[in-house]
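Peer 1: Below is a structure I'd like to ask you about.
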Number of protein chains: 2
Amino acid sequence: MNKDDMILISVDDHIIEPPDMFKNHLPVKYQQDAPRLVHTDEGTDVWRFRDVVIPNVALNAVAGRPKQEYGLEPQGLDEIRPGCYDVDERIKDMNAGGVLASMNFPSFPGFAARLFATEDSDFSLALVQAYNDWRIDEWCAAYPARFIPMALPVIWDAELCAQEVRRCAAKGVHSLTFSENPAALGYPSFHDDYWSPLWRALVDTDTVLSVHIGSSGRLSIPAPDSPPDVMITLQPMNIVQAAADLLWSKPIKQYKDLKIALSEGGTGWIPYFLERVDRTFEMHSTWTLQDFGGKLPSEIFREHFLTCFIADPVGVELRHRIGIDNICWEMDYPHSDAMWPAAPEELSEVLTAEQVPDDEINKITYQNAIRWYSFDPFSHIRPEQATVAALRKNAAGHDVSIKALSHHEKGSGSSLAGYKEQIAAATTQLT
Amino acid sequence: MNKDDMILISVDDHIIEPPDMFKNHLPVKYQQDAPRLVHTDEGTDVWRFRDVVIPNVALNAVAGRPKQEYGLEPQGLDEIRPGCYDVDERIKDMNAGGVLASMNFPSFPGFAARLFATEDSDFSLALVQAYNDWRIDEWCAAYPARFIPMALPVIWDAELCAQEVRRCAAKGVHSLTFSENPAALGYPSFHDDYWSPLWRALVDTDTVLSVHIGSSGRLSIPAPDSPPDVMITLQPMNIVQAAADLLWSKPIKQYKDLKIALSEGGTGWIPYFLERVDRTFEMHSTWTLQDFGGKLPSEIFREHFLTCFIADPVGVELRHRIGIDNICWEMDYPHSDAMWPAAPEELSEVLTAEQVPDDEINKITYQNAIRWYSFDPFSHIRPEQATVAALRKNAAGHDVSIKALSHHEKGSGSSLAGYKEQIAAATTQLT
């Protein structure tokens, strides 16, 4: 397939929240207490919420910058592409990248919105709901067919979380961002019956539990002085812990329609993982008492788990060992693993090298995403308008040139020297 | 190749230390203070050393037991095969398993012998040296050509560790068991210049740093109530953390002859890992300032790292993406991942399914081990005496039948119920 003819849906991109997001959706009585974006005297932007300051407002949103600057996390909205936080600009960037539709994970509240968990549950719930309503009714509604909607969870209360899943599903949402390991955040683990109301809500509403790498709040850093490359290398595959923890869990056995996405986890390691779980079952199930009703854990995996990749050649080569219906492409805009705006070219090169037939390309690039996330773009856009080439025509004149950005032109020191502060900031944000 | 014609060297097995190991090698003044194996009133065996009790004397040494009992860790020497601790019996078990030679990791002192680190460095060093002398001069010397000798490190002192590496190398040892993450044990990390004397000693003596899974002292358990299958699934691939931490480290760049084995880490995930490190280099080296002198990290990996597998079909299929000179087979006797005595049958099935040619089989089953570990069995045994079939002839009459063992016949409760105590005991032992 020619790259121009591909239809691309990305199941993992990121939104950098704009300052006015709470304006239309939070009850007046809470407006004064809502998180606010503050422009500091140093020229940076930070989110402030009670005694928490999130300095890394634009976590790793380096799209459009030269690679030399990747290590210098953007410090303000004026250092990132407007497409990170402005929906009209986002659509232009998506068009330039040839991407039909995108699912966007949150930034400043954390992947599981733990920032919003206060001692005042009503207030916290209002924040989650305001965020979700802003996302659904403003961001996604502005451009029908261009965004897979995603809800934030009520991470501190399983029953309220279930209610919020149902409320959002009624508005067309079939994806919930969640922690890959709630126990690491201080909540009951996936093995605790505490979460039963959530599992029921998810399966009742065909909502996918989307667990993103890093959403345990734990970064993969073996030693305090490990070079940054170590964490960057390890972070995607680290989601294997969530894959194993969920695959061997009770909910997987109890809810046959439960669906989980391993967002940004990559695919190349999955075939080994499936071998390993089957061998573990063969060697140990007699005493661990695991029972999948006559099936192997690898079969159960394919019934429940979606894997997501940017460009893994090994994963594409071994796609049938993973499951051709269990793989979705993702772009990761605006983070540093993304190849935007050249993502179609990068992906096409891998697909071509592995001689992937058209029907399998279509599954990977959009059909699986449509099915897993109950998403229907084609009632709004005809397929021939949705291809890479057709979308890029709409982006004529849109500036996608790579630019060094303001603060760095002024010189803010070595990227490497600032790494430890960035890790500390990221940890604040992720947890 | 017919399985009977394979020559098998296993680069990862385990020794359960016998009670008399310190007798001939520890100075008299330290004999009273040495660790001792104590038979308890409950019929179990525990190692006692100062205020530490290692209850799990035979950590996971379940070879020869029915799988239903795998979860019940053996509690005493009378519950494990004598081949675990008696070298004559070990040779019989190796013959029955068709294995020419074996490298054995320690058990009760921990993979990095941290148990021996006391406030009295002279005493601690004497323990390490006694262990190493017992291993080299008794265990290995009893059967020339049948064991790849391995030394324990002086984990608490890099200079003394370097001296011990040189001392043992003079006695023919080219393998050092070490921690996959010394920082996790409270020592300086791989990135600290502290270890420079060790790196120099290793390369001067052609000694491989053999880092075994679990040797950080950290088990892969996402939540306290994760089922045991989760840890069993995750433990091998968890060594990816050490692989990344070492691959991006300074010593790899400074010592071109430094060799590292990822013992029991498996192979099927390595191709993905190599893609990931190359992509990390492509996207980030401009700011992380990584420089491998014009080479890619995947090339550097193949110059320095040995991977080890029991039976991974994916790893065998992708062997050329890993590096055919970077793969060694291992048996893992007497632990629960081992298929002893049917290991040759299991391995042969995988090699046959992937149609691996004979010259590649030979590299994987013994030639790579000989080269990486500077090991020379064929000055003692002719190759035609070293095959699976030839060795098994020597084991005629040796009992390899699967047996339920004494304590369990008396009924010691459910395997699953005892899992948490076993994890606690294993953690004591590993750290």
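Chain identifiers are assigned as A, B, and so on, following the order in which chains appear in the structure tokens; residues are numbered from 1 within each chain, and ligands are numbered from 1 in order of appearance.
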Under the rule of at most 6 Å, produce a per-residue listing of chain B near chain A: chain, number, name, the closest pair of atoms, and the distance in Å, as a Markdown table, using only C-alpha atoms.

Peer 2:
| residue | atom | partner | partner_atom | distance |
| --- | --- | --- | --- | --- |
| B:Gln68 | CA | A:Thr286 | CA | 5.0 |
| B:Gly71 | CA | A:Trp287 | CA | 5.8 |
| B:Ala183 | CA | A:Ala223 | CA | 5.9 |
| B:Ala223 | CA | A:Ala183 | CA | 5.9 |
| B:Val230 | CA | A:Ala244 | CA | 5.4 |
| B:Thr233 | CA | A:Val277 | CA | 5.9 |
| B:Ala244 | CA | A:Val230 | CA | 5.4 |
| B:Asp245 | CA | A:Val230 | CA | 5.7 |
| B:Gly268 | CA | A:Tyr272 | CA | 4.8 |
| B:Trp269 | CA | A:Trp269 | CA | 4.8 |
| B:Tyr272 | CA | A:Gly268 | CA | 4.8 |
| B:Val277 | CA | A:Thr233 | CA | 5.8 |
| B:Thr286 | CA | A:Gln68 | CA | 5.0 |
| B:Trp287 | CA | A:Gln68 | CA | 5.1 |
| B:Thr288 | CA | A:Leu416 | CA | 5.7 |
| B:Ser415 | CA | A:Trp287 | CA | 5.8 |
| B:Leu416 | CA | A:Thr288 | CA | 5.7 |

Peer 1: All Cα atoms, paired in order, least squares: that's the fit I need for chain A onto chain B, output as a compact mmCIF listing (two decimals) with C-alpha atoms, in the first residue's frame.

Peer 2:
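That gives us out-v8.txt:
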# COMPACT_ATOMS: atom_id res chain seq x y z
CA MET A 1 20.86 -32.58 14.17
CA ASN A 2 19.63 -35.52 16.16
CA LYS A 3 19.26 -34.61 19.82
CA ASP A 4 21.54 -37.49 20.76
CA ASP A 5 24.39 -35.86 18.89
CA MET A 6 24.16 -32.48 20.57
CA ILE A 7 26.90 -31.40 22.96
CA LEU A 8 25.34 -29.43 25.80
CA ILE A 9 26.99 -26.93 28.09
CA SER A 10 24.62 -25.20 30.47
CA VAL A 11 25.72 -21.70 31.50
CA ASP A 12 23.22 -21.39 34.31
CA ASP A 13 22.54 -24.03 36.93
CA HIS A 14 22.55 -23.82 40.70
CA ILE A 15 24.39 -25.38 43.58
CA ILE A 16 22.82 -25.96 46.98
CA GLU A 17 25.77 -25.69 49.31
CA PRO A 18 26.63 -28.75 51.42
CA PRO A 19 27.18 -28.34 55.18
CA ASP A 20 30.90 -29.14 55.10
CA MET A 21 31.91 -26.63 52.48
CA PHE A 22 33.90 -24.37 54.82
CA LYS A 23 35.76 -27.20 56.55
CA ASN A 24 38.87 -27.35 54.41
CA HIS A 25 39.14 -23.75 53.30
CA LEU A 26 38.44 -21.36 56.15
CA PRO A 27 41.25 -20.46 58.61
CA VAL A 28 40.79 -22.21 61.94
CA LYS A 29 40.24 -18.94 63.79
CA TYR A 30 37.10 -18.31 61.73
CA GLN A 31 35.64 -21.82 61.77
CA GLN A 32 33.42 -21.23 64.79
CA ASP A 33 31.92 -18.12 63.24
CA ALA A 34 31.24 -19.53 59.79
CA PRO A 35 27.70 -19.99 58.53
CA ARG A 36 26.39 -23.38 59.52
CA LEU A 37 23.63 -25.61 58.30
CA VAL A 38 21.30 -26.43 61.16
CA HIS A 39 18.72 -29.20 61.16
CA THR A 40 15.71 -27.86 63.04
CA ASP A 41 13.28 -29.66 65.30
CA GLU A 42 10.70 -29.31 62.54
CA GLY A 43 12.89 -31.39 60.29
CA THR A 44 13.96 -28.52 58.08
CA ASP A 45 17.46 -27.29 57.31
CA VAL A 46 18.42 -23.64 57.69
CA TRP A 47 21.68 -21.77 57.29
CA ARG A 48 22.53 -19.65 60.31
CA PHE A 49 25.09 -16.86 60.14
CA ARG A 50 25.25 -14.42 63.05
CA ASP A 51 21.71 -13.10 63.44
CA VAL A 52 20.62 -14.10 59.95
CA VAL A 53 18.64 -17.25 59.31
CA ILE A 54 18.25 -18.42 55.72
CA PRO A 55 15.22 -20.70 55.94
CA ASN A 56 14.92 -21.35 52.25
CA VAL A 57 18.04 -23.48 52.10
CA ALA A 58 17.12 -25.17 48.87
CA LEU A 59 15.59 -22.20 47.05
CA ASN A 60 13.30 -23.57 44.38
CA ALA A 61 15.36 -26.78 43.97
CA VAL A 62 12.39 -28.78 42.76
CA ALA A 63 14.00 -30.92 40.06
CA GLY A 64 12.64 -34.43 40.18
CA ARG A 65 9.43 -33.46 41.94
CA PRO A 66 5.90 -33.46 40.56
CA LYS A 67 4.70 -30.05 39.37
CA GLN A 68 1.94 -30.03 41.95
CA GLU A 69 4.68 -29.55 44.54
CA TYR A 70 6.59 -26.77 42.78
CA GLY A 71 5.06 -24.11 44.96
CA LEU A 72 6.18 -25.81 48.14
CA GLU A 73 9.78 -24.80 48.39
CA PRO A 74 11.91 -27.64 49.70
CA GLN A 75 12.72 -27.09 53.35
CA GLY A 76 15.64 -29.40 53.75
CA LEU A 77 18.36 -31.35 52.03
CA ASP A 78 16.30 -34.51 52.40
CA GLU A 79 13.69 -32.96 50.13
CA ILE A 80 15.95 -32.25 47.18
CA ARG A 81 17.93 -34.40 44.83
CA PRO A 82 21.41 -35.16 46.20
CA GLY A 83 22.69 -33.84 42.88
CA CYS A 84 21.94 -30.36 44.20
CA TYR A 85 24.74 -30.53 46.80
CA ASP A 86 26.79 -33.71 46.17
CA VAL A 87 29.16 -33.46 43.26
CA ASP A 88 29.21 -37.18 42.48
CA GLU A 89 25.43 -37.22 42.35
CA ARG A 90 25.43 -33.99 40.34
CA ILE A 91 27.56 -35.64 37.67
CA LYS A 92 25.12 -38.54 37.51
CA ASP A 93 22.23 -36.10 37.11
CA MET A 94 24.16 -34.22 34.43
CA ASN A 95 24.86 -37.46 32.63
CA ALA A 96 21.20 -38.42 32.81
CA GLY A 97 20.34 -34.99 31.42
CA GLY A 98 22.91 -35.34 28.66
CA VAL A 99 24.81 -32.28 29.86
CA LEU A 100 28.57 -32.16 29.37
CA ALA A 101 29.33 -29.15 31.54
CA SER A 102 27.58 -26.73 33.85
CA MET A 103 28.16 -23.36 35.48
CA ASN A 104 26.64 -23.19 38.96
CA PHE A 105 25.41 -20.08 40.70
CA PRO A 106 25.50 -19.98 44.52
CA SER A 107 22.40 -20.26 46.71
CA PHE A 108 22.49 -19.37 50.40
CA PRO A 109 25.03 -16.50 50.23
CA GLY A 110 22.98 -14.78 47.52
CA PHE A 111 24.05 -14.23 43.92
CA ALA A 112 26.44 -11.46 45.00
CA ALA A 113 27.46 -13.14 48.28
CA ARG A 114 26.14 -10.20 50.20
CA LEU A 115 25.47 -12.43 53.19
CA PHE A 116 29.21 -12.52 53.79
CA ALA A 117 29.54 -8.73 54.03
CA THR A 118 30.14 -8.05 57.75
CA GLU A 119 31.79 -5.20 59.63
CA ASP A 120 34.92 -7.38 59.77
CA SER A 121 36.32 -7.19 56.26
CA ASP A 122 39.06 -9.75 56.90
CA PHE A 123 36.55 -12.31 58.08
CA SER A 124 34.20 -11.54 55.19
CA LEU A 125 36.99 -11.89 52.67
CA ALA A 126 38.00 -15.19 54.25
CA LEU A 127 34.45 -16.46 53.74
CA VAL A 128 34.39 -15.45 50.08
CA GLN A 129 37.79 -17.00 49.49
CA ALA A 130 36.86 -20.19 51.33
CA TYR A 131 33.73 -20.47 49.23
CA ASN A 132 35.68 -19.91 46.04
CA ASP A 133 38.41 -22.35 46.99
CA TRP A 134 35.88 -25.01 47.95
CA ARG A 135 34.15 -24.48 44.61
CA ILE A 136 37.31 -24.51 42.52
CA ASP A 137 39.47 -27.06 44.39
CA GLU A 138 36.75 -29.49 45.46
CA TRP A 139 33.57 -29.19 43.43
CA CYS A 140 35.04 -28.35 40.04
CA ALA A 141 38.34 -30.20 40.47
CA ALA A 142 36.54 -33.45 41.24
CA TYR A 143 35.43 -33.76 37.64
CA PRO A 144 37.68 -31.93 35.19
CA ALA A 145 35.84 -30.62 32.13
CA ARG A 146 32.43 -30.92 33.76
CA PHE A 147 32.09 -27.50 35.43
CA ILE A 148 32.70 -23.97 34.28
CA PRO A 149 34.17 -22.51 37.46
CA MET A 150 32.58 -19.37 38.88
CA ALA A 151 33.81 -17.06 41.63
CA LEU A 152 31.81 -15.15 44.21
CA PRO A 153 32.57 -11.43 44.39
CA VAL A 154 33.76 -9.23 47.23
CA ILE A 155 30.68 -7.09 46.79
CA TRP A 156 31.53 -4.57 49.51
CA ASP A 157 34.97 -3.56 48.23
CA ALA A 158 35.85 -2.98 44.56
CA GLU A 159 39.58 -3.20 45.12
CA LEU A 160 39.38 -6.46 47.07
CA CYS A 161 36.93 -7.73 44.49
CA ALA A 162 39.43 -7.02 41.74
CA GLN A 163 42.10 -8.88 43.69
CA GLU A 164 39.82 -11.87 44.18
CA VAL A 165 39.01 -11.93 40.45
CA ARG A 166 42.73 -12.04 39.72
CA ARG A 167 43.39 -14.68 42.37
CA CYS A 168 40.64 -16.93 41.01
CA ALA A 169 41.64 -16.34 37.42
CA ALA A 170 45.08 -17.65 38.26
CA LYS A 171 43.29 -20.83 39.29
CA GLY A 172 41.43 -21.00 35.99
CA VAL A 173 38.21 -19.11 36.78
CA HIS A 174 36.72 -16.83 34.11
CA SER A 175 33.29 -16.10 35.51
CA LEU A 176 32.24 -13.83 38.37
CA THR A 177 28.70 -13.91 39.73
CA PHE A 178 27.61 -10.36 40.53
CA SER A 179 24.56 -8.23 41.21
CA GLU A 180 22.52 -6.98 38.27
CA ASN A 181 22.15 -3.76 40.23
CA PRO A 182 24.64 -3.05 43.03
CA ALA A 183 22.86 0.25 43.73
CA ALA A 184 19.76 -1.69 44.76
CA LEU A 185 21.91 -3.46 47.36
CA GLY A 186 23.23 -0.19 48.73
CA TYR A 187 26.55 -0.15 46.88
CA PRO A 188 27.72 2.32 44.22
CA SER A 189 26.01 1.86 40.87
CA PHE A 190 27.62 0.67 37.64
CA HIS A 191 28.04 4.35 36.74
CA ASP A 192 30.32 5.11 39.65
CA ASP A 193 34.06 5.12 39.09
CA TYR A 194 34.27 3.15 42.32
CA TRP A 195 34.14 -0.08 40.31
CA SER A 196 37.06 0.78 38.00
CA PRO A 197 39.45 -1.70 39.64
CA LEU A 198 36.90 -4.45 39.06
CA TRP A 199 36.42 -3.62 35.38
CA ARG A 200 40.17 -3.68 34.87
CA ALA A 201 40.53 -7.03 36.61
CA LEU A 202 37.72 -8.53 34.57
CA VAL A 203 39.18 -7.52 31.22
CA ASP A 204 42.74 -8.35 32.25
CA THR A 205 41.71 -11.90 33.11
CA ASP A 206 39.02 -12.55 30.46
CA THR A 207 36.46 -12.93 33.22
CA VAL A 208 32.77 -12.60 32.41
CA LEU A 209 30.53 -10.61 34.75
CA SER A 210 27.62 -13.05 35.09
CA VAL A 211 24.53 -11.24 36.35
CA HIS A 212 21.68 -13.56 37.21
CA ILE A 213 18.01 -12.61 37.31
CA GLY A 214 16.94 -11.71 40.83
CA SER A 215 20.44 -10.58 41.78
CA SER A 216 19.29 -7.04 42.52
CA GLY A 217 17.46 -8.48 45.48
CA ARG A 218 14.26 -7.05 44.03
CA LEU A 219 11.60 -9.47 42.85
CA SER A 220 9.14 -8.39 40.16
CA ILE A 221 5.92 -8.19 42.14
CA PRO A 222 3.68 -5.29 41.08
CA ALA A 223 1.34 -5.53 44.09
CA PRO A 224 1.47 -7.37 47.42
CA ASP A 225 -1.46 -9.54 46.35
CA SER A 226 -0.29 -10.27 42.80
CA PRO A 227 -0.63 -14.01 42.13
CA PRO A 228 2.67 -15.95 42.04
CA ASP A 229 2.34 -16.41 38.28
CA VAL A 230 2.99 -12.68 37.85
CA MET A 231 6.43 -12.85 39.45
CA ILE A 232 7.30 -16.06 37.62
CA THR A 233 6.32 -14.45 34.32
CA LEU A 234 8.24 -11.24 34.91
CA GLN A 235 11.43 -12.36 36.61
CA PRO A 236 13.54 -13.29 33.54
CA MET A 237 12.72 -10.26 31.40
CA ASN A 238 13.28 -8.01 34.40
CA ILE A 239 17.00 -8.28 33.66
CA VAL A 240 16.36 -5.83 30.84
CA GLN A 241 16.99 -3.19 33.49
CA ALA A 242 20.56 -4.40 33.98
CA ALA A 243 21.02 -4.76 30.22
CA ALA A 244 20.03 -1.14 29.67
CA ASP A 245 21.89 0.17 32.69
CA LEU A 246 25.12 -1.50 31.60
CA LEU A 247 24.78 -0.93 27.86
CA TRP A 248 24.51 2.85 28.31
CA SER A 249 27.24 2.95 30.97
CA LYS A 250 30.76 4.34 30.82
CA PRO A 251 32.60 1.04 31.47
CA ILE A 252 31.13 -0.43 28.27
CA LYS A 253 32.77 2.39 26.34
CA GLN A 254 36.01 2.33 28.30
CA TYR A 255 36.69 -1.42 28.30
CA LYS A 256 36.23 -2.91 24.87
CA ASP A 257 36.82 -6.44 26.19
CA LEU A 258 34.31 -6.24 29.03
CA LYS A 259 31.95 -9.22 28.88
CA ILE A 260 28.57 -9.53 30.60
CA ALA A 261 26.21 -12.50 30.71
CA LEU A 262 22.49 -11.97 31.30
CA SER A 263 21.97 -15.27 33.08
CA GLU A 264 18.46 -16.77 32.85
CA GLY A 265 17.25 -13.60 31.14
CA GLY A 266 15.87 -15.39 28.10
CA THR A 267 16.31 -14.23 24.52
CA GLY A 268 12.92 -13.63 22.89
CA TRP A 269 12.74 -10.00 23.98
CA ILE A 270 16.27 -9.10 22.93
CA PRO A 271 15.44 -8.15 19.29
CA TYR A 272 12.88 -5.61 20.52
CA PHE A 273 15.39 -4.33 23.07
CA LEU A 274 18.03 -3.83 20.38
CA GLU A 275 15.56 -1.91 18.21
CA ARG A 276 14.65 0.20 21.21
CA VAL A 277 18.22 1.12 22.12
CA ASP A 278 18.99 2.04 18.51
CA ARG A 279 15.91 4.22 18.32
CA THR A 280 16.75 5.82 21.66
CA PHE A 281 20.20 6.57 20.27
CA GLU A 282 18.75 8.01 17.06
CA MET A 283 16.23 10.23 18.83
CA HIS A 284 18.16 11.33 21.92
CA SER A 285 21.92 10.99 21.64
CA THR A 286 22.23 14.61 20.54
CA TRP A 287 21.33 15.73 24.05
CA THR A 288 22.25 12.72 26.15
CA LEU A 289 25.70 12.90 24.56
CA GLN A 290 26.01 9.14 24.13
CA ASP A 291 28.86 8.27 21.80
CA PHE A 292 29.86 4.74 20.84
CA GLY A 293 32.55 5.81 18.39
CA GLY A 294 30.35 5.63 15.33
CA LYS A 295 28.67 2.35 16.24
CA LEU A 296 25.07 1.71 17.17
CA PRO A 297 24.17 0.52 20.67
CA SER A 298 22.92 -2.76 19.17
CA GLU A 299 26.39 -3.38 17.75
CA ILE A 300 27.95 -2.56 21.10
CA PHE A 301 25.54 -4.99 22.75
CA ARG A 302 26.80 -7.83 20.56
CA GLU A 303 30.39 -7.03 21.44
CA HIS A 304 29.77 -7.23 25.17
CA PHE A 305 26.66 -9.21 26.12
CA LEU A 306 25.87 -12.89 26.24
CA THR A 307 22.21 -13.92 26.36
CA CYS A 308 21.05 -17.19 27.89
CA PHE A 309 17.91 -19.18 27.27
CA ILE A 310 16.27 -22.45 28.23
CA ALA A 311 13.89 -23.02 25.35
CA ASP A 312 12.50 -19.71 23.92
CA PRO A 313 11.10 -20.49 20.45
CA VAL A 314 10.89 -16.78 19.54
CA GLY A 315 14.50 -16.25 20.54
CA VAL A 316 15.62 -19.17 18.42
CA GLU A 317 13.58 -17.92 15.46
CA LEU A 318 15.12 -14.46 15.77
CA ARG A 319 18.62 -15.69 16.64
CA HIS A 320 20.28 -13.67 13.88
CA ARG A 321 18.66 -10.48 15.12
CA ILE A 322 20.22 -11.23 18.51
CA GLY A 323 23.58 -12.45 17.23
CA ILE A 324 24.32 -16.13 16.72
CA ASP A 325 27.55 -15.70 18.69
CA ASN A 326 25.70 -14.12 21.63
CA ILE A 327 23.39 -16.95 22.65
CA CYS A 328 24.04 -19.78 25.06
CA TRP A 329 21.74 -22.52 26.18
CA GLU A 330 21.14 -23.11 29.88
CA MET A 331 19.26 -25.76 31.86
CA ASP A 332 18.56 -24.04 35.22
CA TYR A 333 18.88 -27.29 37.20
CA PRO A 334 17.51 -27.77 39.83
CA HIS A 335 15.05 -24.87 39.62
CA SER A 336 11.49 -25.03 38.45
CA ASP A 337 12.11 -23.63 34.96
CA ALA A 338 14.37 -26.59 34.16
CA MET A 339 13.09 -29.53 32.17
CA TRP A 340 15.73 -31.90 33.54
CA PRO A 341 16.23 -34.73 32.71
CA ALA A 342 14.35 -34.10 29.46
CA ALA A 343 16.12 -30.81 28.68
CA PRO A 344 17.76 -32.16 25.47
CA GLU A 345 14.38 -33.28 24.16
CA GLU A 346 12.80 -29.90 24.89
CA LEU A 347 15.67 -27.97 23.32
CA SER A 348 15.85 -30.22 20.28
CA GLU A 349 12.16 -29.78 19.62
CA VAL A 350 12.59 -26.01 19.44
CA LEU A 351 15.74 -26.19 17.30
CA THR A 352 14.09 -28.63 14.92
CA ALA A 353 10.92 -26.58 14.60
CA GLU A 354 13.02 -23.57 13.61
CA GLN A 355 15.23 -25.68 11.30
CA VAL A 356 18.42 -24.39 12.88
CA PRO A 357 21.46 -25.66 10.95
CA ASP A 358 24.06 -27.79 12.74
CA ASP A 359 26.78 -25.16 12.87
CA GLU A 360 24.41 -22.76 14.60
CA ILE A 361 23.19 -25.42 17.01
CA ASN A 362 26.77 -26.11 17.99
CA LYS A 363 27.38 -22.46 18.71
CA ILE A 364 24.30 -22.21 20.88
CA THR A 365 24.73 -25.49 22.75
CA TYR A 366 28.47 -25.40 23.50
CA GLN A 367 30.86 -23.44 21.28
CA ASN A 368 29.75 -20.00 22.47
CA ALA A 369 30.00 -21.12 26.09
CA ILE A 370 33.54 -22.38 25.51
CA ARG A 371 34.62 -19.12 23.91
CA TRP A 372 32.86 -16.67 26.26
CA TYR A 373 33.99 -18.46 29.41
CA SER A 374 37.49 -19.48 28.20
CA PHE A 375 36.53 -23.05 29.01
CA ASP A 376 38.30 -26.06 27.58
CA PRO A 377 36.56 -29.38 28.17
CA PHE A 378 38.07 -31.18 25.19
CA SER A 379 41.53 -31.53 26.66
CA HIS A 380 39.84 -33.94 29.07
CA ILE A 381 36.95 -35.43 27.12
CA ARG A 382 36.82 -36.24 23.44
CA PRO A 383 33.83 -34.66 21.67
CA GLU A 384 32.36 -38.05 20.80
CA GLN A 385 32.28 -38.85 24.53
CA ALA A 386 30.56 -35.56 25.26
CA THR A 387 27.32 -35.95 23.34
CA VAL A 388 23.91 -36.35 24.91
CA ALA A 389 23.82 -40.02 23.94
CA ALA A 390 27.33 -40.80 25.14
CA LEU A 391 26.78 -39.14 28.52
CA ARG A 392 23.44 -40.80 29.05
CA LYS A 393 25.08 -44.19 28.57
CA ASN A 394 27.09 -43.43 31.71
CA ALA A 395 23.90 -42.79 33.64
CA ALA A 396 22.37 -46.20 33.08
CA GLY A 397 20.58 -47.26 36.23
CA HIS A 398 20.59 -43.77 37.79
CA ASP A 399 17.16 -43.05 39.24
CA VAL A 400 15.58 -40.01 37.61
CA SER A 401 11.96 -40.83 38.32
CA ILE A 402 9.67 -38.05 39.48
CA LYS A 403 8.85 -38.41 43.16
CA ALA A 404 6.76 -36.65 45.71
CA LEU A 405 9.08 -35.96 48.62
CA SER A 406 8.82 -36.73 52.28
CA HIS A 407 7.57 -33.60 53.97
CA HIS A 408 4.93 -33.09 51.35
CA GLU A 409 3.70 -36.61 51.62
CA LYS A 410 3.01 -35.77 55.24
CA GLY A 411 0.98 -32.89 53.96
CA SER A 412 2.22 -29.38 54.60
CA GLY A 413 -0.82 -27.58 53.32
CA SER A 414 -1.55 -25.80 50.08
CA SER A 415 1.31 -24.61 47.93
CA LEU A 416 -0.49 -21.39 47.20
CA ALA A 417 -1.10 -20.65 50.87
CA GLY A 418 2.61 -20.87 51.58
CA TYR A 419 3.60 -18.56 48.76
CA LYS A 420 3.92 -15.37 50.81
CA GLU A 421 6.23 -16.99 53.33
CA GLN A 422 8.33 -18.36 50.51
CA ILE A 423 8.62 -14.93 48.93
CA ALA A 424 9.73 -13.47 52.25
CA ALA A 425 12.31 -16.24 52.60
CA ALA A 426 13.53 -15.81 49.04
CA THR A 427 13.91 -12.09 49.57
CA THR A 428 16.04 -12.74 52.65
CA GLN A 429 18.20 -15.03 50.59
CA LEU A 430 18.52 -12.86 47.49
CA THR A 431 19.47 -9.72 49.34

Peer 1: Going by DSSP on the backbone, which bits of segment 87-311 of chain A are alpha helix (DSSP H)? Write them as a ChimeraX atom specification, please.

Peer 2: /A:87-96,121-133,158-170,196-204,228-234,240-247,250-254,270-288,297-304

Peer 1: Taking the backbone alone, and naming residues the way the document does, which bits of segment 7-181 of chain B are strand (DSSP E) by DSSP, as a VMD selection string?

Peer 2: chain B and resid 8 to 14 36 to 39 45 to 49 52 to 54 99 to 105 147 to 148 175 to 178
